[in-house]
$ cat work-v3.txt   # compact mmCIF, C-alpha atoms
# COMPACT_ATOMS: atom_id res chain seq x y z
CA MET A 373 12.70 -24.51 45.18
CA SER A 374 9.64 -25.78 43.36
CA PRO A 375 9.40 -24.29 39.87
CA PRO A 376 5.99 -22.99 38.87
CA ARG A 377 3.87 -24.84 36.36
CA SER A 378 4.62 -24.18 32.76
CA GLN A 379 2.78 -21.18 31.37
CA LYS A 380 2.59 -22.43 27.82
CA PRO A 381 1.14 -25.76 26.75
CA LEU A 382 3.66 -28.01 25.05
CA ALA A 383 2.74 -29.88 21.92
CA ALA A 384 1.99 -33.52 22.58
CA PRO A 385 3.94 -34.96 19.64
CA HIS A 386 1.74 -37.92 18.79
CA GLY A 387 -1.35 -37.38 20.83
CA GLY A 388 -2.27 -39.13 24.01
CA ALA A 389 0.66 -37.78 26.02
CA ASP A 390 0.03 -35.31 28.76
CA ALA A 391 3.43 -33.72 28.14
CA LEU A 392 2.53 -30.67 30.22
CA SER A 393 2.48 -32.65 33.42
CA GLY A 394 5.25 -35.00 32.37
CA ARG A 395 2.76 -37.85 32.53
CA PRO A 396 3.09 -40.24 29.62
CA SER A 397 0.19 -42.16 28.21
CA GLU A 398 -0.91 -45.66 29.19
CA GLY A 399 1.82 -48.26 29.30
CA MET A 400 4.50 -45.60 29.64
CA SER A 401 6.08 -45.06 33.04
CA ILE A 402 8.84 -42.65 34.09
CA SER A 403 10.50 -42.27 37.48
CA ILE A 404 13.19 -39.93 38.76
CA GLN A 405 14.39 -41.25 42.10
CA GLU A 406 17.31 -41.54 44.52
CA ALA A 407 16.55 -45.18 45.30
CA ASP A 408 18.05 -48.10 43.41
CA PHE A 409 15.78 -50.27 41.27
CA ASP A 410 15.34 -54.02 40.73
CA VAL A 411 15.93 -54.74 37.04
CA ALA A 412 14.33 -58.20 37.06
CA ALA A 413 11.22 -56.93 38.83
CA GLU A 414 10.92 -54.00 36.41
CA LEU A 415 11.23 -56.27 33.36
CA ASP A 416 8.65 -58.67 34.77
CA ALA A 417 6.26 -55.82 35.47
CA LEU A 418 6.68 -54.47 31.94
CA THR A 419 4.92 -57.44 30.34
CA SER A 420 2.82 -58.58 33.28
CA GLY A 421 -0.69 -59.42 32.05
CA ASP A 422 0.26 -58.60 28.46
CA ASP A 423 0.04 -61.53 26.03
CA GLU A 424 0.79 -59.32 23.00
CA ALA A 425 4.45 -58.79 23.86
CA GLY A 426 7.00 -60.90 22.02
CA ALA A 427 10.10 -58.88 22.88
CA VAL A 428 11.63 -56.85 25.69
CA ALA A 429 14.81 -54.82 25.14
CA SER A 430 16.47 -53.01 28.00
CA PHE A 431 19.46 -50.85 28.77
CA VAL A 432 21.03 -50.29 32.19
CA GLY A 433 23.64 -47.56 32.66
CA LEU A 434 26.18 -48.02 35.47
CA VAL A 435 28.75 -45.89 37.30
CA ARG A 436 32.14 -47.01 35.93
CA GLY A 437 34.23 -47.78 38.99
CA ALA A 438 37.47 -47.71 37.01
CA ASP A 439 36.93 -44.02 36.28
CA VAL A 440 35.41 -42.53 39.41
CA ALA A 441 35.15 -42.87 43.19
CA ALA A 442 31.57 -41.55 43.15
CA MET A 443 29.18 -39.59 41.00
CA THR A 444 26.47 -37.07 41.87
CA LEU A 445 23.57 -36.46 39.53
CA GLU A 446 21.68 -33.17 39.53
CA HIS A 447 18.51 -32.55 37.53
CA TYR A 448 15.89 -29.91 36.78
CA PRO A 449 12.74 -31.07 38.61
CA GLY A 450 9.67 -30.57 36.46
CA MET A 451 11.49 -30.24 33.16
CA THR A 452 13.14 -33.64 33.53
CA GLU A 453 9.84 -35.50 33.70
CA LYS A 454 8.45 -33.51 30.78
CA ALA A 455 11.53 -34.04 28.61
CA LEU A 456 11.48 -37.79 29.26
CA ALA A 457 7.74 -38.02 28.57
CA GLU A 458 8.27 -36.28 25.24
CA ILE A 459 11.13 -38.61 24.32
CA VAL A 460 9.03 -41.68 25.16
CA GLU A 461 6.09 -40.35 23.14
CA GLU A 462 8.41 -39.61 20.23
CA ALA A 463 9.59 -43.23 20.36
CA ARG A 464 6.00 -44.43 20.53
CA GLY A 465 5.21 -42.46 17.38
CA ARG A 466 8.04 -44.17 15.49
CA TRP A 467 7.63 -47.79 16.59
CA PRO A 468 4.68 -49.99 17.62
CA LEU A 469 5.59 -50.21 21.31
CA LEU A 470 3.49 -51.90 23.98
CA ALA A 471 5.11 -50.57 27.15
CA VAL A 472 8.06 -48.37 28.13
CA ARG A 473 9.70 -47.98 31.53
CA VAL A 474 12.33 -45.30 32.23
CA ILE A 475 13.97 -44.91 35.64
CA HIS A 476 16.75 -42.37 36.19
CA ARG A 477 18.44 -42.01 39.53
CA VAL A 478 19.67 -38.73 41.03
CA GLY A 479 21.89 -37.93 44.00
CA ARG A 480 25.21 -39.54 44.92
CA LEU A 481 25.99 -42.92 43.33
CA LEU A 482 28.90 -45.27 43.95
CA PRO A 483 30.95 -47.39 41.50
CA GLY A 484 28.92 -50.21 40.00
CA GLY A 485 25.70 -48.42 40.95
CA ARG A 486 22.83 -48.34 38.49
CA ILE A 487 22.14 -44.90 37.00
CA VAL A 488 19.41 -45.47 34.44
CA LEU A 489 17.03 -48.14 33.13
CA VAL A 490 15.24 -48.01 29.80
CA ALA A 491 13.03 -51.01 29.04
CA VAL A 492 10.74 -51.39 26.05
CA SER A 493 8.30 -54.11 25.04
CA SER A 494 6.86 -54.73 21.59
CA ARG A 495 5.47 -57.56 19.48
CA HIS A 496 8.78 -58.03 17.63
CA ARG A 497 12.39 -57.42 18.56
CA GLN A 498 13.36 -54.82 15.94
CA ALA A 499 11.07 -52.16 17.40
CA ALA A 500 12.17 -52.92 20.97
CA PHE A 501 15.89 -52.78 20.15
CA ALA A 502 15.63 -49.60 18.09
CA ALA A 503 13.32 -47.75 20.49
CA CYS A 504 15.51 -48.59 23.47
CA GLU A 505 18.59 -47.17 21.73
CA PHE A 506 16.67 -44.13 20.49
CA ILE A 507 15.36 -43.30 23.98
CA MET A 508 18.87 -43.51 25.45
CA ASP A 509 20.37 -41.38 22.66
CA TYR A 510 17.74 -38.69 23.18
CA LEU A 511 17.87 -38.91 26.97
CA LYS A 512 21.62 -38.25 26.90
CA THR A 513 21.26 -35.06 24.86
CA ARG A 514 17.82 -33.69 25.82
CA ALA A 515 16.95 -34.61 29.39
CA PRO A 516 18.25 -32.09 31.95
CA PHE A 517 20.59 -34.20 34.09
CA TRP A 518 24.18 -33.26 34.97
CA LYS A 519 26.91 -35.50 36.38
CA ARG A 520 29.56 -34.45 38.80
CA GLU A 521 32.38 -36.99 39.20
CA GLU A 522 34.60 -37.51 42.22
CA THR A 523 38.05 -38.87 41.39
CA ASP A 524 41.37 -39.18 43.26
CA SER A 525 42.30 -35.71 41.97
CA GLY A 526 39.11 -33.97 43.12
CA SER A 527 35.64 -33.51 41.72
CA HIS A 528 34.51 -31.97 38.45
CA TRP A 529 31.42 -31.60 36.28
CA VAL A 530 31.39 -34.01 33.37
CA ASP A 531 31.68 -32.40 29.93
CA ALA A 532 29.09 -33.24 27.30
CA ARG A 533 30.45 -35.55 24.60
CA GLU A 534 30.33 -34.77 20.91
CA THR A 535 29.71 -38.47 20.23
CA ASP A 536 26.47 -38.36 22.22
CA GLU A 537 25.23 -35.48 20.09
CA GLU A 538 26.15 -37.40 16.93
CA ALA A 539 24.35 -40.49 18.20
CA ALA A 540 21.15 -38.48 18.70
CA LEU A 541 21.45 -36.85 15.29
CA ARG A 542 21.32 -40.26 13.60
CA TRP A 543 17.60 -40.34 14.39
CA GLN A 544 16.76 -37.00 12.82
CA GLY A 545 13.64 -36.83 10.76
CA ASP A 546 11.38 -39.82 11.26
CA GLN A 547 14.09 -42.45 11.12
CA THR A 548 13.27 -45.84 12.56
CA THR A 549 16.75 -47.25 12.03
CA PRO A 550 19.94 -45.50 13.20
CA MET B 982 6.92 -7.78 34.43
CA LYS B 983 8.68 -10.48 36.39
CA VAL B 984 10.39 -13.70 35.36
CA ARG B 985 11.89 -16.53 37.36
CA VAL B 986 15.46 -17.38 36.34
CA LEU B 987 17.11 -20.69 37.26
CA TYR B 988 20.75 -21.84 37.04
CA PHE B 989 21.95 -25.45 37.12
CA ALA B 990 25.07 -27.57 37.59
CA SER B 991 28.46 -25.90 36.91
CA LEU B 992 26.75 -22.60 36.12
CA ARG B 993 24.86 -22.65 39.44
CA GLU B 994 28.16 -23.22 41.25
CA ALA B 995 30.03 -20.51 39.34
CA LEU B 996 27.28 -17.99 40.07
CA GLY B 997 26.69 -19.07 43.66
CA SER B 998 22.96 -18.96 42.90
CA SER B 999 20.32 -21.53 41.96
CA GLY B 1000 17.92 -18.86 40.79
CA GLU B 1001 16.22 -15.53 41.29
CA GLU B 1002 13.14 -13.47 40.51
CA LEU B 1003 13.91 -10.67 38.09
CA VAL B 1004 11.96 -7.65 36.98
CA LEU B 1005 12.52 -7.39 33.25
CA ALA B 1006 14.02 -4.10 32.11
CA GLU B 1007 12.57 -2.25 29.11
CA GLY B 1008 13.78 -3.75 25.87
CA VAL B 1009 14.36 -7.23 27.29
CA ASN B 1010 12.14 -9.21 24.95
CA ARG B 1011 14.20 -12.27 24.10
CA VAL B 1012 16.29 -14.83 25.93
CA ALA B 1013 19.45 -13.29 24.44
CA ASP B 1014 18.48 -9.88 25.89
CA LEU B 1015 17.88 -11.41 29.31
CA ARG B 1016 21.23 -13.19 29.21
CA ALA B 1017 23.05 -9.96 28.27
CA HIS B 1018 21.13 -8.04 30.95
CA ILE B 1019 22.24 -10.47 33.69
CA ALA B 1020 25.82 -10.81 32.39
CA ALA B 1021 26.16 -7.01 32.52
CA ARG B 1022 26.44 -7.34 36.31
CA GLY B 1023 30.03 -8.36 35.60
CA GLY B 1024 32.23 -10.76 37.58
CA ALA B 1025 30.97 -14.34 37.69
CA TRP B 1026 27.75 -13.32 35.89
CA GLN B 1027 29.76 -13.02 32.67
CA GLN B 1028 29.74 -16.84 32.72
CA LEU B 1029 26.36 -16.51 31.05
CA LEU B 1030 28.15 -15.24 27.96
CA GLU B 1031 31.33 -17.28 28.37
CA THR B 1032 29.98 -20.78 29.11
CA LYS B 1033 30.58 -22.96 26.08
CA ASN B 1034 27.37 -24.23 24.45
CA LEU B 1035 25.16 -22.70 27.14
CA ARG B 1036 21.62 -24.07 26.90
CA VAL B 1037 18.37 -22.35 27.78
CA ALA B 1038 14.86 -23.54 28.52
CA VAL B 1039 11.75 -21.36 28.71
CA ASN B 1040 8.91 -22.86 30.74
CA GLN B 1041 10.81 -26.15 30.89
CA ALA B 1042 11.26 -26.61 27.13
CA MET B 1043 14.61 -26.10 25.43
CA VAL B 1044 14.63 -23.11 23.07
CA GLY B 1045 17.06 -20.99 21.07
CA PHE B 1046 18.40 -17.67 22.35
CA ASP B 1047 16.09 -15.78 20.00
CA ALA B 1048 13.01 -17.15 21.80
CA PRO B 1049 10.72 -14.53 23.37
CA VAL B 1050 10.54 -13.95 27.13
CA ARG B 1051 7.24 -12.89 28.67
CA ALA B 1052 6.03 -11.94 32.12
CA GLY B 1053 5.66 -14.97 34.36
CA ASP B 1054 8.03 -17.15 32.34
CA GLU B 1055 10.49 -19.54 33.95
CA VAL B 1056 13.84 -19.24 32.18
CA ALA B 1057 16.60 -21.74 32.98
CA PHE B 1058 20.25 -21.48 31.92
CA PHE B 1059 22.48 -24.56 32.08
CA PRO B 1060 25.47 -26.30 30.50
CA PRO B 1061 24.94 -29.14 27.99
CA VAL B 1062 23.26 -32.11 29.68
CA THR B 1063 25.23 -35.21 30.74
CA GLY B 1064 22.73 -37.74 32.09
CA GLY B 1065 22.25 -41.39 31.27
$ encode --input "work-v3.txt" --output "structure tokens"
Amino acid sequence: MSPPRSQKPLAAPHGGADALSGRPSEGMSISIQEADFDVAAELDALTSGDDEAGAVASFVGLVRGADVAAMTLEHYPGMTEKALAEIVEEARGRWPLLAVRVIHRVGRLLPGGRIVLVAVSSRHRQAAFAACEFIMDYLKTRAPFWKREETDSGSHWVDARETDEEAALRWQGDQTTP
Amino acid sequence: MKVRVLYFASLREALGSSGEELVLAEGVNRVADLRAHIAARGGAWQQLLETKNLRVAVNQAMVGFDAPVRAGDEVAFFPPVTGG
């Protein structure tokens, strides 16, 4: 099923973002994909041809093999891209970022498999560290992904965690430190 | 006055449906009205009222249950998100 285009324009929080199409502005790249990704290649590409960057911070989320036999990720095509673009633009409004790369995988993933990559470049490390954490905190509470875990005792949908909500709330207002 | 309604994850499974086109009844002006209208079918559809912390998006943006619903809207109901 392909959802229709949004009827109402969404506010582009800090200008420049084409939030309606889920397409972030220049230097911002978002992918939802089944395929794995190459972390080193992604980090290299983030600062390729950019002599302004002095820092790259990244986060990679993995399937914890100790907890599950496999994990399946479902998402809401269309809204996912838009939600991530808005989160990235929100980060860009708070910190002086040069480039942002977000990759989130969907489908069935095995233990040790990569789930998500968030990579941020900036002139100095503070902005890169903070923005990377902020994007993950918001992604976990605002982007429409759902995990179903397979364990020895069967499969079940993962419950949302209160601690994730609290982590996102730390950034309320225009905070640039958690 | 039609809307497209979508269901995701555990809710989709409980309902046995990933979505439907609905003709809005008179007096269904807000998301909360739409939810009550669908839940009134009984059985599994009552999950729409019983799911803890049910979330809703109108035209792919998260909203509160007092948000308006208009002809042509895409309304999605889902449990709290668990990505990352």
$ residues_around --input "work-v3.txt" --residues "B:Leu1035" --least-positions-apart "2" --cutoff "6 Å" --atoms "all atoms listed in the file" --output "list in words"
Thr1032, Lys1033, Phe1059 and Pro1060 of chain B
$ write_last_selection --input "work-v3.txt" --atoms "C-alpha atoms" --output "mmCIF file, keeping the file's coordinate frame"
data_model
loop_
_atom_site.group_PDB
_atom_site.id
_atom_site.type_symbol
_atom_site.label_atom_id
_atom_site.label_comp_id
_atom_site.auth_asym_id
_atom_site.auth_seq_id
_atom_site.Cartn_x
_atom_site.Cartn_y
_atom_site.Cartn_z
ATOM 1 C CA THR B 1032 29.980 -20.780 29.110
ATOM 2 C CA LYS B 1033 30.580 -22.960 26.080
ATOM 3 C CA PHE B 1059 22.480 -24.560 32.080
ATOM 4 C CA PRO B 1060 25.470 -26.300 30.500
#
$ interface_residues --input "work-v3.txt" --of "chain B" --to "chain A" --cutoff "12 Å" --atoms "only C-alpha atoms" --output "ChimeraX atom specification"
/B:984-995,998-1002,1032-1044,1050-1065
$ atom_distance --input "work-v3.txt" --atom1 "atom CA of A:Ser403" --atom2 "atom CA of A:Val460"
12.4 Å
$ atom_distance --input "work-v3.txt" --atom1 "atom CA of B:Val1009" --atom2 "atom CA of B:Met982"
10.3 Å
$ atom_distance --input "work-v3.txt" --atom1 "atom CA of B:Gly1008" --atom2 "atom CA of B:Arg1022"
16.8 Å
$ closest_residue --input "work-v3.txt" --among "B:Ala1017, B:Leu1003, B:Val1012, B:Ala1048" --to "B:Leu1029" --atoms "all atoms listed in the file"
B:Ala1017
$ closest_residue --input "work-v3.txt" --among "A:Gln544, A:Thr535, A:Thr523, A:Thr549" --to "A:Ala438" --atoms "all atoms listed in the file"
A:Thr523
$ axis_aligned_box --input "work-v3.txt" --around "stretch 416-424 of chain A" --padding-each-side "5 Å" --output "lines of an AutoDock Vina configuration file"
center_x = 4.0
center_y = -58.0
center_z = 29.2
size_x = 19.3
size_y = 17.1
size_z = 22.5
$ closest_residue --input "work-v3.txt" --among "A:Ile459, A:Leu469, A:Ile404, A:Met443" --to "A:Leu418" --atoms "only C-alpha atoms"
A:Leu469
$ residues_around --input "work-v3.txt" --residues "A:Val428" --least-positions-apart "4" --cutoff "12 Å" --atoms "all atoms listed in the file" --output "VMD selection string"
chain A and resid 412 414 to 420 422 424 469 to 473 490 to 504
